[in-house]
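Take a look at the structure set out below.
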Amino acid sequence: MFYWDWTYFLIIPGLLLGLWAQAQVKGAYAAYSRKPTRMGRPACEVVAELLRRNGNDRVRIARTSGQLTDHYNPADETLNLSEGVYGSASVAALGIAAHEAGHAMQKLEGYAPLQLRSAVVPVVNIGSSLSTPLFILGLIFSWKPLVTVGIVLFSLSVLFALVTLPVEFNASQRAVRMLAEGGYVTQEEEDGVRKVLRAAALTYVAAAVTSLLSLLRLLLIARDRD
Ligand SMILES: [Zn+2]
C-alpha cells in the first residue's frame, strides 16, 4: 500500500542518476586502472609519502578486500586501500589513494564538515533504521506525532548525505593538489585522476538527491493523510 502510491515515482530521477553515476565510476575505473603512471610507484607507497610530506604521520595504511572498497576510517585513523589499488601504480589507483589521504588530512586539520559528519553518524544509523517503521506506524494509527518523529529521524540521514558532499569534493581537491605538488603525476595523468574522482563524487550527489526526494515524498504522504 504505502510503497506503491504515486509519490514513489518522485524518487526515480534520483535512482536513475545513481545508476548513471555507478556506470561512470565503472567506466573511469576500467579505463584508468589500466593506465600506469610514468613514475610507476605503487599507490600504497605514494600515499604514505603524500601523508608524510604533508605532516601527517598518524595514519596506518592497510589493505582491504573487494573492489573500490577504499576508505579512510577517522575513528582509528586507518587508510584502507582495496586489492586493485594498494599495489597498483595506475592513474586510478593513485587518484583513489590520494583521495583517501585527503580525508586523513581533513581529520588532521579538523575540517569542520568531516567533524560534523562523524558526529551525526551514530544518530543517523539509529535514525535511518527507525524512521520508516515509525512513520508507517504513525500512518496506520493516524497518530501525527509518530509521523513527525519518523520524518525528523529521516531528515538526519538527509543531513548526513548533504554534509557528505563538501567532505568528498574537498578530499578530491586535496588529492589532486597533493599529487600535482609532489610531482607524482604528469598533466595528462592529473586529468585522468580528475575524471576518476569526479565520477566517484557523482555517486554522492546521486545519493543526496535520492535522499532529498525521499524526504519530499514522506512530507507529501504525511500531508495527504492529514
Ligand atoms: Zn571520500
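Every chain in the C-alpha cells takes a letter, A first, then B, and so on in the order presented; its residues are numbered from 1, and the ligands are numbered from 1 following the presented order.
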
*asked:* List as a list in words the protein and nucleic acid residues lying within 9 Å of ligand 1, with only C-alpha atoms and all ligand atoms counted.
replied: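 Based on only C-alpha atoms and all ligand atoms, ligand 1 is surrounded within 9 Å by Asp70, His71, Tyr72, Ile96, His99, Glu100, Gly102, His103, Thr164, Val167, Glu168, Phe169, Asn170, Ala171, Ser172, Ala200 and Ala201 of chain A.
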
Could you write those residues out with N, CA and C atoms, as a PDB file, in the first residue's frame?
```
ATOM      1  N   ASP A  70      37.865   1.165  -1.060  1.00  0.00           N
ATOM      2  CA  ASP A  70      38.829   2.042  -0.401  1.00  0.00           C
ATOM      3  C   ASP A  70      38.121   3.037   0.513  1.00  0.00           C
ATOM      4  N   HIS A  71      38.626   3.187   1.710  1.00  0.00           N
ATOM      5  CA  HIS A  71      38.039   4.187   2.607  1.00  0.00           C
ATOM      6  C   HIS A  71      39.017   4.549   3.718  1.00  0.00           C
ATOM      7  N   TYR A  72      38.801   5.731   4.256  1.00  0.00           N
ATOM      8  CA  TYR A  72      39.583   6.181   5.395  1.00  0.00           C
ATOM      9  C   TYR A  72      38.675   6.126   6.610  1.00  0.00           C
ATOM     10  N   ILE A  96      42.604   7.451  -6.319  1.00  0.00           N
ATOM     11  CA  ILE A  96      41.747   6.945  -5.244  1.00  0.00           C
ATOM     12  C   ILE A  96      42.494   6.989  -3.904  1.00  0.00           C
ATOM     13  N   HIS A  99      42.834  10.490  -2.694  1.00  0.00           N
ATOM     14  CA  HIS A  99      41.544  10.973  -2.190  1.00  0.00           C
ATOM     15  C   HIS A  99      41.367  10.565  -0.725  1.00  0.00           C
ATOM     16  N   GLU A 100      41.699   9.312  -0.418  1.00  0.00           N
ATOM     17  CA  GLU A 100      41.593   8.861   0.979  1.00  0.00           C
ATOM     18  C   GLU A 100      42.585   9.615   1.862  1.00  0.00           C
ATOM     19  N   GLY A 102      43.355  12.590   1.356  1.00  0.00           N
ATOM     20  CA  GLY A 102      42.678  13.882   1.529  1.00  0.00           C
ATOM     21  C   GLY A 102      41.788  13.862   2.761  1.00  0.00           C
ATOM     22  N   HIS A 103      41.070  12.733   2.968  1.00  0.00           N
ATOM     23  CA  HIS A 103      40.237  12.591   4.176  1.00  0.00           C
ATOM     24  C   HIS A 103      41.101  12.603   5.441  1.00  0.00           C
ATOM     25  N   THR A 164      28.016  15.116   3.459  1.00  0.00           N
ATOM     26  CA  THR A 164      28.998  14.266   2.790  1.00  0.00           C
ATOM     27  C   THR A 164      29.568  14.947   1.535  1.00  0.00           C
ATOM     28  N   VAL A 167      32.591  17.202   2.116  1.00  0.00           N
ATOM     29  CA  VAL A 167      33.674  16.323   2.588  1.00  0.00           C
ATOM     30  C   VAL A 167      34.329  15.616   1.395  1.00  0.00           C
ATOM     31  N   GLU A 168      33.493  15.083   0.499  1.00  0.00           N
ATOM     32  CA  GLU A 168      34.018  14.333  -0.645  1.00  0.00           C
ATOM     33  C   GLU A 168      34.687  15.233  -1.677  1.00  0.00           C
ATOM     34  N   PHE A 169      34.034  16.348  -2.013  1.00  0.00           N
ATOM     35  CA  PHE A 169      34.618  17.254  -3.004  1.00  0.00           C
ATOM     36  C   PHE A 169      35.949  17.812  -2.513  1.00  0.00           C
ATOM     37  N   ASN A 170      36.012  18.165  -1.237  1.00  0.00           N
ATOM     38  CA  ASN A 170      37.235  18.707  -0.654  1.00  0.00           C
ATOM     39  C   ASN A 170      38.364  17.666  -0.640  1.00  0.00           C
ATOM     40  N   ALA A 171      38.032  16.414  -0.336  1.00  0.00           N
ATOM     41  CA  ALA A 171      39.061  15.362  -0.318  1.00  0.00           C
ATOM     42  C   ALA A 171      39.649  15.183  -1.716  1.00  0.00           C
ATOM     43  N   SER A 172      38.796  15.281  -2.740  1.00  0.00           N
ATOM     44  CA  SER A 172      39.284  15.141  -4.109  1.00  0.00           C
ATOM     45  C   SER A 172      40.170  16.317  -4.516  1.00  0.00           C
ATOM     46  N   ALA A 200      33.381   9.417  -9.090  1.00  0.00           N
ATOM     47  CA  ALA A 200      33.092   8.925  -7.733  1.00  0.00           C
ATOM     48  C   ALA A 200      32.233   9.934  -6.973  1.00  0.00           C
ATOM     49  N   ALA A 201      32.511  11.217  -7.157  1.00  0.00           N
ATOM     50  CA  ALA A 201      31.748  12.257  -6.455  1.00  0.00           C
ATOM     51  C   ALA A 201      30.291  12.267  -6.894  1.00  0.00           C
TER      52      ALA A 201
END
```

*Please return as number ranges by chain: the residues of region 11-138 of chain A that backbone DSSP assigns to alpha helix (DSSP H).*
A: 12-32, 43-53, 83-86, 91-109, 112-138

_I'd like the interatomic distance between CA of Ala21 (chain A) and CA of Glu188 (chain A), to a tenth of an Å._
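These atoms are spaced 22.9 Å apart.
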
_Exercise: region 132-147 of chain A partners within 9 Å, only C-alpha atoms, chain neighbours under 5 positions left out, as a list in words_ = Phe2, Val152, Leu153, Phe154, Leu218, Ala222, Arg225 and Asp226 of chain A

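Within chain A, the backbone-based DSSP assignment of strand (DSSP E) covers Arg60, Ile61, Ala62, Arg63, Thr64, His71, Tyr72, Asn73, Thr78, Leu79, Asn80, Leu81 and Ser82 of chain A.
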
Using the selection just defined, write its residues with N, CA and C atoms as a compact mmCIF listing (two decimals), in the first residue's frame.
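Written file, part-v3.txt:
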```txt
# COMPACT_ATOMS: atom_id res chain seq x y z
N ARG A 60 47.70 4.81 9.62
CA ARG A 60 48.16 3.47 9.30
C ARG A 60 47.54 3.08 7.96
N ILE A 61 48.36 2.56 7.06
CA ILE A 61 47.86 2.19 5.75
C ILE A 61 47.66 0.68 5.70
N ALA A 62 46.45 0.26 5.35
CA ALA A 62 46.13 -1.16 5.36
C ALA A 62 45.54 -1.58 4.02
N ARG A 63 45.51 -2.89 3.81
CA ARG A 63 44.95 -3.45 2.59
C ARG A 63 43.58 -4.04 2.94
N THR A 64 42.60 -3.78 2.09
CA THR A 64 41.26 -4.32 2.37
C THR A 64 40.75 -5.06 1.14
N HIS A 71 38.63 3.19 1.71
CA HIS A 71 38.04 4.19 2.61
C HIS A 71 39.02 4.55 3.72
N TYR A 72 38.80 5.73 4.26
CA TYR A 72 39.58 6.18 5.40
C TYR A 72 38.67 6.13 6.61
N ASN A 73 39.18 5.55 7.69
CA ASN A 73 38.38 5.49 8.91
C ASN A 73 38.91 6.50 9.93
N THR A 78 42.88 4.75 10.10
CA THR A 78 43.48 3.83 9.13
C THR A 78 42.99 4.19 7.74
N LEU A 79 43.89 4.05 6.82
CA LEU A 79 43.56 4.31 5.43
C LEU A 79 43.57 2.95 4.74
N ASN A 80 42.38 2.50 4.33
CA ASN A 80 42.23 1.17 3.77
C ASN A 80 42.18 1.23 2.25
N LEU A 81 43.11 0.55 1.63
CA LEU A 81 43.16 0.52 0.17
C LEU A 81 42.75 -0.86 -0.33
N SER A 82 41.93 -0.88 -1.38
CA SER A 82 41.43 -2.15 -1.91
C SER A 82 42.53 -2.89 -2.67
```

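CA of Gln173 (chain A) is positioned 13.5 Å from CA of Tyr111 (chain A).
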
*Please indicate the distance in Å from CA of Arg52 (chain A) to CA of Glu181 (chain A), rounded to one decimal place.*
13.5 Å

*asked:* Residues near Leu212 (chain A), anyone? I mean within 9 Å using only C-alpha atoms, not counting same-chain ones fewer than 3 positions away, as a list of chain:residue names.
replied: A:Ile11, A:Gly14, A:Ser155, A:Val158, A:Ala161, A:Leu162, A:Ala207, A:Ala208, A:Val209, A:Leu215, A:Leu216, A:Arg217

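Residue nearest Arg117 (chain A) within the list A:Ser129, A:Ala92, A:Ala75, A:Pro42: A:Ala75 [criterion: smallest interatomic distance, only C-alpha atoms].
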
*asked:* For a quick check of understanding, using only C-alpha atoms, which of A:Leu68, A:Gln24, A:Leu219, A:Pro166 has the smallest distance to Ala112 (chain A)?
replied: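 For Ala112 (chain A), the nearest of the given residues is A:Pro166.
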
*Which of these residues is nearest to Arg194 (chain A), using only C-alpha atoms: A:Glu83, A:Arg41, A:Tyr29, A:Pro13?*
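Residue with the minimum atom-to-atom distance to Arg194 (chain A): A:Tyr29.
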